[in-house]
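A.B. asks: Would you mind keeping the following structure in view while I ask a few things?
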Amino acid sequence: KIVCMDATTTPETPVTELTEAESWDRLSGVSLGRLVTTVGGWTEIFPVNYVVQHHTLLFRTAEGTKLLTAVLNKHVVFEADDHNVAGGWSVVLRGTARLLATAAEIEEAEQAGLYPWVATQKLRFVRVTPDTLTGRQFVFGPEPDGTALVS
């Protein structure tokens, strides 16, 4: 897991690493992210609405490319971010996606309060279990003038 300094980002330190707890807090605070998979030598990116449950990510999907590529790949990447006028953050989770199959797994997933955003049936639950979790926080500001750079 991540080993980081605390997130005391300032204009003098415009990028700081988030702790694991801070990264989970950020992921729990938004509901839209991007699932990255690979199929046939191509990288695929899918926007998904999700929830955090037991330090894993949970999303629903229908039969199709997203489900197929998520469960066929040994590893997937998931990214979520957010920003306001002063700054932003980004969290990247690398892990394993697994289609939930047992009645107990599905019942537990149904307790998470995850509902499709689009008026389509999404009957499959996929859980992404992290291998690594990294996060960064940013303070927006002007580019340094470069006078301190030596060529």
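Residues in the structure tokens are named by chain (A, B, ... in the order shown) and by number from 1 within that chain; ligands are numbered from 1 in the order shown.
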Residues of chain A classed as helix (DSSP H, G or I) by DSSP on the backbone are to be reported as a ChimeraX atom specification.

C.D. replies: /A:20-29,65-72,103-110

A.B. asks: If we count only C-alpha atoms, what is near Arg26 of chain A at a cut-off of 9 Å, once residues fewer than 5 positions away on the same chain are taken out, given as JSON, numbers by chain?

C.D. replies: {"A": [21, 80, 81, 82, 89, 90, 91, 135]}

A.B. asks: Just to be explicit: take each residue in the selection above, keep N, CA, C and O atoms, and write the result as a compact mmCIF listing (two decimals), in the first residue's frame.

C.D. replies:
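Dumped to result_32.txt:
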```txt
# COMPACT_ATOMS: atom_id res chain seq x y z
N ALA A 21 -5.51 6.20 3.68
CA ALA A 21 -6.81 6.60 4.24
C ALA A 21 -7.38 7.79 3.47
O ALA A 21 -8.58 7.82 3.17
N ALA A 80 -10.11 7.76 -10.35
CA ALA A 80 -11.14 8.76 -10.08
C ALA A 80 -10.45 10.05 -9.68
O ALA A 80 -9.32 10.03 -9.16
N ASP A 81 -11.11 11.16 -9.94
CA ASP A 81 -10.53 12.45 -9.59
C ASP A 81 -11.63 13.46 -9.39
O ASP A 81 -12.79 13.20 -9.69
N ASP A 82 -11.24 14.62 -8.91
CA ASP A 82 -12.17 15.72 -8.75
C ASP A 82 -11.36 17.00 -8.60
O ASP A 82 -10.15 16.95 -8.35
N TRP A 89 -7.52 16.49 -7.06
CA TRP A 89 -6.87 15.26 -6.62
C TRP A 89 -7.13 14.17 -7.65
O TRP A 89 -8.04 14.27 -8.47
N SER A 90 -6.33 13.13 -7.57
CA SER A 90 -6.47 11.96 -8.42
C SER A 90 -6.04 10.74 -7.63
O SER A 90 -5.02 10.77 -6.94
N VAL A 91 -6.83 9.68 -7.70
CA VAL A 91 -6.49 8.42 -7.04
C VAL A 91 -6.51 7.31 -8.11
O VAL A 91 -7.44 7.23 -8.91
N GLY A 135 -2.49 8.10 -4.47
CA GLY A 135 -3.27 9.31 -4.64
C GLY A 135 -2.39 10.54 -4.57
O GLY A 135 -1.36 10.53 -3.89
```

A.B. asks: Set the distance at 8 Å and use only C-alpha atoms: which residues neighbour segment 67-78 of chain A once local chain neighbours fewer than 5 positions away are removed? I'd like the list as number ranges by chain.

C.D. replies: A: 33-39, 61-62, 92-99, 126

A.B. asks: Can you pull out the residues contacting Lys122 of chain A? Cut-off 12 Å, using only C-alpha atoms, and skip same-chain residues under 4 positions away; I want them as a ChimeraX atom specification.

C.D. replies: /A:48-49,59-64,66-67,114-118,126

A.B. asks: Could you check which of A:Thr16, A:Thr132, A:Asn84, A:Gln111 is closest to Val51 of chain A, using only C-alpha atoms?

C.D. replies: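 Of A:Thr16, A:Thr132, A:Asn84, A:Gln111, the one nearest Val51 of chain A is A:Gln111, counting only C-alpha atoms.
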
A.B. asks: Counting only C-alpha atoms, what is within 8 Å of Gln137 of chain A, bar same-chain residues fewer than 3 positions away, as a list of chain:residue names?

C.D. replies: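 Surrounding residues, per the criterion: A:Ala7, A:Thr9, A:Pro14, A:Val15, A:Thr16, A:Glu17, A:Leu18, A:Gly87, A:Gly88, A:Trp89, A:Ser90.
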
A.B. asks: Taking only C-alpha atoms into account, which of A:Trp42, A:Trp24, A:Phe140, A:Tyr50 comes nearest His83 of chain A?

C.D. replies: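 Closest to His83 of chain A of all the choices is A:Phe140.
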
A.B. asks: Calculate how many Å separate atom CA of Glu20 of chain A from atom CA of Leu133 of chain A, rounding to one decimal.

C.D. replies: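 Separation of atom CA of Glu20 of chain A and atom CA of Leu133 of chain A: 6.9 Å.
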
A.B. asks: Would you work out the distance separating atom CA of Thr134 of chain A from atom CA of Ala109 of chain A, expressed in Å to one decimal?

C.D. replies: 24.4 Å

A.B. asks: Taking the DSSP assignment computed from this structure's backbone, write out as a PyMOL selection string all residues of chain A that belong to strand (DSSP E).

C.D. replies: chain A and resi 15-17+32-39+42-53+56-61+76-83+87-99+124-139

A.B. asks: Restricting the calculation to only C-alpha atoms, which member of A:Thr129, A:Thr102, A:Val52, A:Val139 is positioned closest to Gly29 of chain A?

C.D. replies: A:Val52
